[in-house]
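Structure file run10.txt (compact mmCIF, C-alpha atoms and all ligand atoms) follows.
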# COMPACT_ATOMS: atom_id res chain seq x y z
CA MET A 27 -19.01 11.52 -9.02
CA THR A 28 -17.47 8.43 -7.41
CA VAL A 29 -16.36 8.64 -3.81
CA PRO A 30 -12.56 8.87 -3.47
CA ALA A 31 -10.91 5.73 -2.11
CA LEU A 32 -8.78 8.00 0.10
CA GLN A 33 -9.30 11.57 1.12
CA LEU A 34 -7.03 13.54 3.44
CA ALA A 35 -8.49 16.88 4.51
CA ASN A 36 -6.24 19.46 6.15
CA VAL A 37 -4.17 16.76 7.85
CA CYS A 38 -1.51 17.98 10.28
CA ARG A 39 1.10 15.96 12.11
CA ALA A 40 4.05 17.07 14.24
CA TYR A 41 6.55 15.13 16.31
CA GLY A 42 8.27 16.19 19.53
CA VAL A 43 7.78 19.24 21.71
CA GLY A 44 9.58 22.55 22.27
CA GLU A 45 12.84 22.97 20.40
CA THR A 46 12.80 19.46 18.98
CA ARG A 47 9.29 19.84 17.54
CA VAL A 48 9.10 18.97 13.83
CA GLU A 49 5.97 19.85 11.90
CA VAL A 50 5.94 17.20 9.20
CA LEU A 51 2.45 17.57 7.68
CA LYS A 52 0.96 21.06 7.70
CA GLY A 53 -2.50 20.86 6.19
CA VAL A 54 -2.27 18.03 3.66
CA ASP A 55 -5.16 17.76 1.19
CA LEU A 56 -5.24 14.74 -1.09
CA GLU A 57 -7.82 12.67 -2.95
CA ILE A 58 -7.21 9.39 -4.71
CA ARG A 59 -9.99 7.89 -6.79
CA PRO A 60 -10.73 4.23 -7.55
CA GLY A 61 -8.48 2.91 -10.31
CA GLU A 62 -6.00 5.74 -9.87
CA MET A 63 -2.30 5.10 -9.28
CA VAL A 64 -0.48 8.00 -7.63
CA ALA A 65 3.28 8.28 -7.15
CA LEU A 66 4.58 10.04 -4.04
CA VAL A 67 8.04 11.37 -4.85
CA ALA A 68 9.88 13.41 -2.24
CA PRO A 69 13.33 13.58 -0.66
CA SER A 70 14.13 11.62 2.46
CA GLY A 71 12.73 13.31 5.58
CA ALA A 72 9.94 15.12 3.71
CA GLY A 73 7.25 13.04 5.41
CA LYS A 74 6.41 10.23 2.98
CA SER A 75 6.32 7.51 5.65
CA THR A 76 4.29 9.75 7.95
CA LEU A 77 1.78 10.34 5.16
CA LEU A 78 1.55 6.61 4.32
CA HIS A 79 1.18 5.67 8.00
CA ILE A 80 -1.61 8.20 8.51
CA ALA A 81 -3.40 7.16 5.30
CA GLY A 82 -2.97 3.53 6.39
CA LEU A 83 -4.48 4.21 9.83
CA LEU A 84 -1.25 3.03 11.46
CA GLU A 85 -0.75 6.42 13.04
CA HIS A 86 -3.12 9.21 14.13
CA CYS A 87 -2.96 12.74 12.75
CA ASP A 88 -3.06 15.68 15.19
CA SER A 89 -5.85 17.42 13.31
CA GLY A 90 -7.74 17.11 10.03
CA GLU A 91 -9.65 14.10 8.74
CA VAL A 92 -8.78 10.87 6.93
CA PHE A 93 -11.60 9.33 4.91
CA ILE A 94 -11.36 5.77 3.65
CA GLY A 95 -14.21 5.66 1.16
CA GLU A 96 -17.03 7.51 2.89
CA THR A 97 -15.84 6.69 6.40
CA ALA A 98 -14.26 9.41 8.54
CA THR A 99 -11.68 7.54 10.58
CA THR A 100 -10.12 9.93 13.10
CA GLY A 101 -12.88 9.48 15.70
CA LEU A 102 -13.00 5.68 15.44
CA ASP A 103 -11.68 3.40 18.16
CA ASP A 104 -8.74 1.06 17.58
CA GLY A 105 -10.97 -1.93 16.85
CA ALA A 106 -12.81 -0.11 14.08
CA ARG A 107 -9.55 1.23 12.62
CA THR A 108 -8.10 -2.28 12.62
CA ARG A 109 -11.16 -3.63 10.79
CA ILE A 110 -10.82 -0.95 8.10
CA ARG A 111 -7.11 -1.72 7.79
CA ARG A 112 -7.84 -5.41 7.41
CA ASN A 113 -10.74 -5.11 4.95
CA GLU A 114 -10.13 -1.94 2.97
CA LEU A 115 -6.39 -1.34 2.92
CA GLY A 116 -3.48 -3.28 1.49
CA PHE A 117 0.18 -2.64 2.25
CA ILE A 118 3.32 -3.42 0.25
CA TYR A 119 6.76 -2.68 1.65
CA GLN A 120 10.24 -2.56 0.17
CA PHE A 121 11.02 -5.89 1.82
CA HIS A 122 8.31 -8.48 1.38
CA HIS A 123 7.81 -9.60 5.03
CA LEU A 124 6.34 -12.92 3.91
CA LEU A 125 6.08 -15.67 6.52
CA PRO A 126 9.08 -17.91 5.70
CA GLU A 127 7.62 -21.20 6.92
CA PHE A 128 4.46 -20.91 4.79
CA SER A 129 3.99 -21.44 1.07
CA ALA A 130 3.17 -18.63 -1.36
CA LEU A 131 -0.47 -19.72 -1.40
CA GLU A 132 -0.64 -19.96 2.41
CA ASN A 133 0.80 -16.45 2.72
CA VAL A 134 -2.04 -15.15 0.53
CA VAL A 135 -4.70 -17.29 2.25
CA MET A 136 -3.78 -16.12 5.75
CA PRO A 137 -5.14 -12.53 5.67
CA GLN A 138 -8.36 -13.81 4.13
CA ARG A 139 -8.80 -16.37 6.91
CA ILE A 140 -8.17 -13.63 9.49
CA ALA A 141 -10.89 -11.60 7.76
CA GLY A 142 -13.25 -14.55 8.23
CA LEU A 143 -13.29 -16.26 4.82
CA ALA A 144 -13.72 -20.05 4.60
CA ILE A 145 -10.57 -21.97 3.64
CA GLY A 146 -11.97 -23.13 0.27
CA GLU A 147 -12.87 -19.63 -0.84
CA ALA A 148 -9.61 -18.16 0.45
CA GLU A 149 -7.57 -20.75 -1.46
CA LYS A 150 -9.60 -20.21 -4.63
CA ARG A 151 -9.03 -16.47 -4.51
CA GLY A 152 -5.36 -16.98 -3.57
CA ARG A 153 -4.83 -19.20 -6.62
CA GLU A 154 -6.58 -16.71 -8.87
CA ILE A 155 -4.50 -13.72 -7.77
CA LEU A 156 -1.21 -15.60 -7.82
CA THR A 157 -2.06 -16.90 -11.29
CA PHE A 158 -2.92 -13.37 -12.45
CA LEU A 159 0.52 -12.31 -11.21
CA GLY A 160 2.18 -15.14 -13.16
CA LEU A 161 2.90 -17.41 -10.19
CA SER A 162 0.65 -20.42 -10.86
CA HIS A 163 3.75 -22.65 -10.91
CA ARG A 164 4.96 -21.35 -7.52
CA LEU A 165 1.90 -21.81 -5.29
CA ASP A 166 3.54 -24.38 -3.01
CA HIS A 167 6.99 -22.80 -2.83
CA ARG A 168 8.14 -21.11 0.34
CA PRO A 169 9.51 -17.55 0.12
CA GLY A 170 13.09 -18.83 0.45
CA GLU A 171 12.59 -20.90 -2.72
CA LEU A 172 11.45 -17.89 -4.76
CA SER A 173 13.37 -15.15 -6.57
CA GLY A 174 13.22 -11.55 -5.31
CA GLY A 175 10.71 -10.57 -7.98
CA GLU A 176 8.55 -13.60 -7.25
CA GLN A 177 8.62 -12.87 -3.52
CA GLN A 178 7.48 -9.32 -4.16
CA ARG A 179 4.66 -10.53 -6.42
CA VAL A 180 3.49 -12.84 -3.60
CA ALA A 181 3.58 -9.81 -1.26
CA ILE A 182 1.41 -7.93 -3.78
CA ALA A 183 -1.02 -10.87 -3.95
CA ARG A 184 -1.20 -10.90 -0.16
CA ALA A 185 -1.83 -7.15 -0.06
CA VAL A 186 -4.81 -7.41 -2.41
CA ALA A 187 -6.17 -10.72 -1.09
CA ASN A 188 -9.01 -9.04 0.80
CA THR A 189 -9.95 -6.87 -2.24
CA PRO A 190 -8.97 -3.62 -0.56
CA ARG A 191 -10.16 -0.24 -1.71
CA LEU A 192 -6.73 1.32 -1.36
CA LEU A 193 -3.21 -0.01 -1.75
CA LEU A 194 -0.37 1.78 0.03
CA ALA A 195 3.16 0.98 -1.03
CA ASP A 196 6.55 2.14 0.18
CA GLU A 197 9.24 1.63 -2.48
CA PRO A 198 7.67 -1.65 -3.62
CA THR A 199 10.36 -2.26 -6.23
CA GLY A 200 13.21 -0.54 -4.35
CA ASN A 201 14.90 -3.80 -3.44
CA LEU A 202 14.82 -5.32 -6.95
CA ASP A 203 17.14 -4.98 -9.92
CA PRO A 204 15.75 -2.60 -12.58
CA GLU A 205 14.50 -5.26 -14.95
CA THR A 206 12.74 -7.27 -12.23
CA GLY A 207 11.40 -4.05 -10.70
CA ASP A 208 9.99 -3.12 -14.07
CA HIS A 209 8.24 -6.44 -14.41
CA VAL A 210 6.83 -6.32 -10.86
CA PHE A 211 5.58 -2.78 -11.48
CA ALA A 212 3.91 -3.83 -14.73
CA THR A 213 2.03 -6.68 -13.01
CA LEU A 214 1.05 -4.39 -10.14
CA SER A 215 -0.15 -1.76 -12.56
CA ALA A 216 -2.24 -4.31 -14.50
CA LEU A 217 -3.77 -5.51 -11.25
CA VAL A 218 -4.71 -1.96 -10.17
CA LYS A 219 -6.32 -1.26 -13.54
CA GLN A 220 -8.16 -4.55 -13.64
CA SER A 221 -9.55 -4.30 -10.11
CA GLY A 222 -10.39 -0.60 -9.84
CA LEU A 223 -8.18 -0.39 -6.77
CA ALA A 224 -6.62 2.96 -5.85
CA ALA A 225 -2.90 3.07 -5.11
CA LEU A 226 -0.53 5.50 -3.43
CA MET A 227 3.06 4.52 -3.94
CA ALA A 228 6.14 6.19 -2.50
CA THR A 229 9.08 5.82 -4.87
CA HIS A 230 12.41 7.38 -5.71
CA ASN A 231 12.20 5.91 -9.18
CA LEU A 232 11.20 8.79 -11.46
CA GLU A 233 10.79 6.55 -14.45
CA LEU A 234 8.21 4.43 -12.59
CA ALA A 235 6.55 7.59 -11.28
CA GLN A 236 6.08 8.75 -14.88
CA ARG A 237 4.17 5.58 -15.64
CA MET A 238 1.56 6.28 -12.95
CA ASP A 239 -1.57 8.39 -13.46
CA ARG A 240 -0.39 11.25 -11.27
CA ARG A 241 2.65 12.38 -9.31
CA ILE A 242 2.68 14.31 -6.05
CA THR A 243 5.37 15.55 -3.69
CA LEU A 244 5.56 17.02 -0.18
CA LYS A 245 6.73 20.60 0.02
CA GLY A 246 6.71 22.55 3.27
CA GLY A 247 4.45 19.93 4.79
CA GLN A 248 1.84 20.09 2.03
CA VAL A 249 1.01 17.92 -0.95
CA VAL A 250 1.88 19.55 -4.26
CA ASP A 251 1.25 18.14 -7.76
CA LEU A 252 4.26 17.31 -9.92
CA PRO A 253 4.17 17.38 -13.73
P1 LIG B 301 10.36 10.22 4.76
O1 LIG B 301 9.57 8.96 4.80
O2 LIG B 301 9.97 11.15 3.65
O3 LIG B 301 11.84 10.00 4.79
P2 LIG B 301 9.37 10.57 7.48
O4 LIG B 301 7.89 10.67 7.39
O5 LIG B 301 9.95 9.28 7.93
O6 LIG B 301 10.02 11.06 6.09
O7 LIG B 301 9.90 11.69 8.50
C1 LIG B 301 9.62 13.07 8.35
C2 LIG B 301 10.27 13.85 9.50
O8 LIG B 301 9.64 13.51 10.73
C3 LIG B 301 11.74 13.54 9.70
O9 LIG B 301 12.38 14.76 10.05
C4 LIG B 301 11.76 12.58 10.84
O10 LIG B 301 12.93 12.70 11.58
C5 LIG B 301 10.57 13.01 11.67
N1 LIG B 301 9.94 11.87 12.36
C6 LIG B 301 9.33 10.82 11.77
N2 LIG B 301 8.83 9.97 12.69
C7 LIG B 301 9.14 10.49 13.90
C8 LIG B 301 8.91 10.09 15.26
N3 LIG B 301 8.24 8.97 15.55
N4 LIG B 301 9.39 10.89 16.24
C9 LIG B 301 10.05 12.03 15.96
N5 LIG B 301 10.29 12.47 14.71
C10 LIG B 301 9.86 11.71 13.68
Rendering of file as structure tokens:
Amino acid sequence: MTVPALQLANVCRAYGVGETRVEVLKGVDLEIRPGEMVALVAPSGAGKSTLLHIAGLLEHCDSGEVFIGETATTGLDDGARTRIRRNELGFIYQFHHLLPEFSALENVVMPQRIAGLAIGEAEKRGREILTFLGLSHRLDHRPGELSGGEQQRVAIARAVANTPRLLLADEPTGNLDPETGDHVFATLSALVKQSGLAALMATHNLELAQRMDRRITLKGGQVVDLP
């Protein structure tokens, strides 16, 4: 059996102390396998961001273990966690957070350069991904010269530039009109399937959630499968 891209084992996380203490995650178990796209659908305040931050090694859990591939991450120091984030994880947010003064291609090249790739290779890969996402005619445009859907596709290209194992997304199409959101989701979905990447995507869009392989929610601080 293949190793899961992400495994959360009995993950707990609470905020605050005393009367203001909120137990957000109370023993979360979750596995996501390579090539699997999982929708996280839950009401506001249920703990979606907390779950994504912990899976993305942006935040520590109080107890339990977070495996990225075969690596147990809770005992690692910040440097090692940062390296895993850089090399094995990709993030997409509701707002693209592209660097405005750089072109689409430069935005995709940058994380690869930070990871140590030579400029020629980084540009080659950048062109390939942007072309796969239908942006070959927009390589030299800056974010401000792109439409909302194009900007979000550049953000997707940037997130997968370092061929991560796991993609984490928070409402990746939440800021787009339905038709554009649909198109962006379709390209993202094709990319996940083509690359064997695993993806966990928080969304309020039930129609998009139905198009993913699996749907989960957070109930009473635990992950529960949805139909
Ligand atoms: P969601 O993303 O589903 O809206 P969150 O994970 O952001 O939910 O938050 C879950 C709960 O944890 C909320 O009640 C929120 O107020 C609380 N919470 C989140 N982050 C913090 C924090 N840094 N300090 C205190 N409480 C927090």
Checklist entry - Which protein, DNA or RNA residues have an atom within 7 Å of ligand LIG 301 (chain B), counting only C-alpha atoms and all ligand atoms, as a ChimeraX atom specification? => result /A:41-42,48,50,68-77
Item to check | Å distance separating atom CA of A:Pro169 from atom CA of A:Glu132, one decimal place | outcome: 10.7 Å
Item to check | Residue among A:Thr99, A:Thr46, A:Ser221, A:Thr229 lying closest to A:Val186, counting all atoms listed in the file | outcome: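 Selected residue with least distance to A:Val186: A:Ser221.
Residues surrounding A:Leu165 within 7 Å are A:Ser129, A:Ala130, A:Leu131, A:Leu161, A:Ser162, A:His163, A:His167 [all atoms listed in the file; sequence separation below 2 positions excluded].
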Checklist entry - What gap, in Å, lies between atom CA of A:Glu197 and atom CA of A:Gln120? => result 5.1 Å
Next on the checklist: What's the separation between atom CA of A:Val37 and atom CA of A:Ile94, in Å to one decimal place?
Outcome noted: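 Between atom CA of A:Val37 and atom CA of A:Ile94 the gap is 13.8 Å.
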Item to check | Test item: residues at most 10 Å from A:Leu78, only C-alpha atoms, excluding those fewer than 4 positions along its chain, as JSON, numbers by chain | outcome: {"A": [66, 73, 74, 82, 83, 84, 85, 117, 194, 195, 196, 226, 227, 228]}
Quick one: which stretch 196-242 of chain A residues come within 9 Å of stretch 27-34 of chain A, and what is the nearest atom pair for each with the distance in Å to one decimal, counting only C-alpha atoms, rows ordered by chain and ascending number, as a tab-separated table?
residue	atom	partner	partner_atom	distance
A:Leu223	CA	A:Ala31	CA	8.2
A:Ala224	CA	A:Ala31	CA	6.3
A:Ala225	CA	A:Ala31	CA	9.0
Next on the checklist: With distances taken over only C-alpha atoms, which residue among A:Arg109, A:Arg47, A:Lys52, A:Arg39 lies nearest A:Lys245?
Outcome noted: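 Distance minimum relative to A:Lys245 lands on A:Lys52.
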Next on the checklist: Env of A:Asn231: 9 Å cut, atoms = only C-alpha atoms, seq-sep filter 2 positions within chain, self excluded. Answer as a PyMOL selection string.
Outcome noted: chain A and resi 67+197+199-200+229+233-236
Next on the checklist: At a cut-off of 9 Å, using all atoms listed in the file, what residues contact A:His122? Leave out same-chain residues fewer than 4 positions from it and give the result as a VMD selection string.
Outcome noted: chain A and resid 118 174 177 to 182 198
Checklist entry - If we count only C-alpha atoms, what is near A:Thr189 at a cut-off of 9 Å, once residues fewer than 4 positions away on the same chain are taken out, given as a PyMOL selection string? => result chain A and resi 113-116+185+221+223
Restricted to C-alpha atoms, what would the selected residues look like written as a CSV table (one decimal), in the frame of the given file?
chain,number,residue,atom,x,y,z
A,113,ASN,CA,-10.7,-5.1,5.0
A,114,GLU,CA,-10.1,-1.9,3.0
A,115,LEU,CA,-6.4,-1.3,2.9
A,116,GLY,CA,-3.5,-3.3,1.5
A,185,ALA,CA,-1.8,-7.2,-0.1
A,221,SER,CA,-9.6,-4.3,-10.1
A,223,LEU,CA,-8.2,-0.4,-6.8
Checklist outcome for this item: In terms of all atoms listed in the file, the residue from A:Gly175, A:Pro204, A:Pro190, A:Gly146 at minimal distance from A:Gly222 is A:Pro190
Item to check | Residue among A:Arg153, A:His230, A:Arg112, A:Arg168 lying closest to A:Phe128, counting all atoms listed in the file | outcome: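 Looking at the shortest contact to A:Phe128, the residue is A:Arg168.
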Repair of stretch 50-68 of chain A at the level of N, CA, C and O atoms, as a PDB file, in the coordinates of the input:
ATOM      1  N   VAL A  50       5.693  17.971  10.427  1.00  0.00           N
ATOM      2  CA  VAL A  50       5.940  17.200   9.200  1.00  0.00           C
ATOM      3  C   VAL A  50       4.832  17.465   8.169  1.00  0.00           C
ATOM      4  O   VAL A  50       5.108  17.785   7.020  1.00  0.00           O
ATOM      5  N   LEU A  51       3.576  17.319   8.586  1.00  0.00           N
ATOM      6  CA  LEU A  51       2.450  17.570   7.680  1.00  0.00           C
ATOM      7  C   LEU A  51       1.708  18.808   8.175  1.00  0.00           C
ATOM      8  O   LEU A  51       1.310  18.880   9.339  1.00  0.00           O
ATOM      9  N   LYS A  52       1.546  19.782   7.277  1.00  0.00           N
ATOM     10  CA  LYS A  52       0.960  21.060   7.700  1.00  0.00           C
ATOM     11  C   LYS A  52      -0.256  21.400   6.845  1.00  0.00           C
ATOM     12  O   LYS A  52      -0.232  22.339   6.065  1.00  0.00           O
ATOM     13  N   GLY A  53      -1.284  20.587   6.957  1.00  0.00           N
ATOM     14  CA  GLY A  53      -2.500  20.860   6.190  1.00  0.00           C
ATOM     15  C   GLY A  53      -2.472  20.145   4.841  1.00  0.00           C
ATOM     16  O   GLY A  53      -2.594  20.760   3.795  1.00  0.00           O
ATOM     17  N   VAL A  54      -2.323  18.826   4.899  1.00  0.00           N
ATOM     18  CA  VAL A  54      -2.270  18.030   3.660  1.00  0.00           C
ATOM     19  C   VAL A  54      -3.688  17.767   3.148  1.00  0.00           C
ATOM     20  O   VAL A  54      -4.552  17.303   3.889  1.00  0.00           O
ATOM     21  N   ASP A  55      -3.915  18.097   1.883  1.00  0.00           N
ATOM     22  CA  ASP A  55      -5.160  17.760   1.190  1.00  0.00           C
ATOM     23  C   ASP A  55      -4.814  16.819   0.045  1.00  0.00           C
ATOM     24  O   ASP A  55      -3.907  17.111  -0.742  1.00  0.00           O
ATOM     25  N   LEU A  56      -5.539  15.718  -0.041  1.00  0.00           N
ATOM     26  CA  LEU A  56      -5.240  14.740  -1.090  1.00  0.00           C
ATOM     27  C   LEU A  56      -6.465  13.866  -1.326  1.00  0.00           C
ATOM     28  O   LEU A  56      -7.125  13.452  -0.375  1.00  0.00           O
ATOM     29  N   GLU A  57      -6.749  13.612  -2.602  1.00  0.00           N
ATOM     30  CA  GLU A  57      -7.820  12.670  -2.950  1.00  0.00           C
ATOM     31  C   GLU A  57      -7.276  11.670  -3.949  1.00  0.00           C
ATOM     32  O   GLU A  57      -6.613  12.056  -4.903  1.00  0.00           O
ATOM     33  N   ILE A  58      -7.578  10.412  -3.733  1.00  0.00           N
ATOM     34  CA  ILE A  58      -7.210   9.390  -4.710  1.00  0.00           C
ATOM     35  C   ILE A  58      -8.459   8.599  -5.058  1.00  0.00           C
ATOM     36  O   ILE A  58      -9.173   8.136  -4.166  1.00  0.00           O
ATOM     37  N   ARG A  59      -8.728   8.503  -6.335  1.00  0.00           N
ATOM     38  CA  ARG A  59      -9.990   7.890  -6.790  1.00  0.00           C
ATOM     39  C   ARG A  59      -9.776   6.424  -7.154  1.00  0.00           C
ATOM     40  O   ARG A  59      -8.647   6.009  -7.431  1.00  0.00           O
ATOM     41  N   PRO A  60     -10.854   5.642  -7.166  1.00  0.00           N
ATOM     42  CA  PRO A  60     -10.730   4.230  -7.550  1.00  0.00           C
ATOM     43  C   PRO A  60     -10.072   4.086  -8.920  1.00  0.00           C
ATOM     44  O   PRO A  60     -10.385   4.845  -9.840  1.00  0.00           O
ATOM     45  N   GLY A  61      -9.158   3.163  -9.039  1.00  0.00           N
ATOM     46  CA  GLY A  61      -8.480   2.910 -10.310  1.00  0.00           C
ATOM     47  C   GLY A  61      -7.310   3.836 -10.578  1.00  0.00           C
ATOM     48  O   GLY A  61      -6.639   3.711 -11.595  1.00  0.00           O
ATOM     49  N   GLU A  62      -7.058   4.759  -9.654  1.00  0.00           N
ATOM     50  CA  GLU A  62      -6.000   5.740  -9.870  1.00  0.00           C
ATOM     51  C   GLU A  62      -4.719   5.308  -9.141  1.00  0.00           C
ATOM     52  O   GLU A  62      -4.758   4.902  -7.990  1.00  0.00           O
ATOM     53  N   MET A  63      -3.605   5.452  -9.857  1.00  0.00           N
ATOM     54  CA  MET A  63      -2.300   5.100  -9.280  1.00  0.00           C
ATOM     55  C   MET A  63      -1.502   6.389  -9.127  1.00  0.00           C
ATOM     56  O   MET A  63      -1.206   7.058 -10.115  1.00  0.00           O
ATOM     57  N   VAL A  64      -1.154   6.728  -7.893  1.00  0.00           N
ATOM     58  CA  VAL A  64      -0.480   8.000  -7.630  1.00  0.00           C
ATOM     59  C   VAL A  64       0.906   7.748  -7.054  1.00  0.00           C
ATOM     60  O   VAL A  64       1.054   6.981  -6.097  1.00  0.00           O
ATOM     61  N   ALA A  65       1.906   8.415  -7.643  1.00  0.00           N
ATOM     62  CA  ALA A  65       3.280   8.280  -7.150  1.00  0.00           C
ATOM     63  C   ALA A  65       3.558   9.408  -6.158  1.00  0.00           C
ATOM     64  O   ALA A  65       3.231  10.569  -6.414  1.00  0.00           O
ATOM     65  N   LEU A  66       4.151   9.051  -5.037  1.00  0.00           N
ATOM     66  CA  LEU A  66       4.580  10.040  -4.040  1.00  0.00           C
ATOM     67  C   LEU A  66       6.106  10.103  -4.105  1.00  0.00           C
ATOM     68  O   LEU A  66       6.788   9.148  -3.740  1.00  0.00           O
ATOM     69  N   VAL A  67       6.595  11.221  -4.637  1.00  0.00           N
ATOM     70  CA  VAL A  67       8.040  11.370  -4.850  1.00  0.00           C
ATOM     71  C   VAL A  67       8.528  12.548  -4.025  1.00  0.00           C
ATOM     72  O   VAL A  67       8.093  13.672  -4.249  1.00  0.00           O
ATOM     73  N   ALA A  68       9.382  12.297  -3.056  1.00  0.00           N
ATOM     74  CA  ALA A  68       9.880  13.410  -2.240  1.00  0.00           C
ATOM     75  C   ALA A  68      11.182  12.979  -1.593  1.00  0.00           C
ATOM     76  O   ALA A  68      11.411  11.783  -1.386  1.00  0.00           O
TER      77      ALA A  68
END
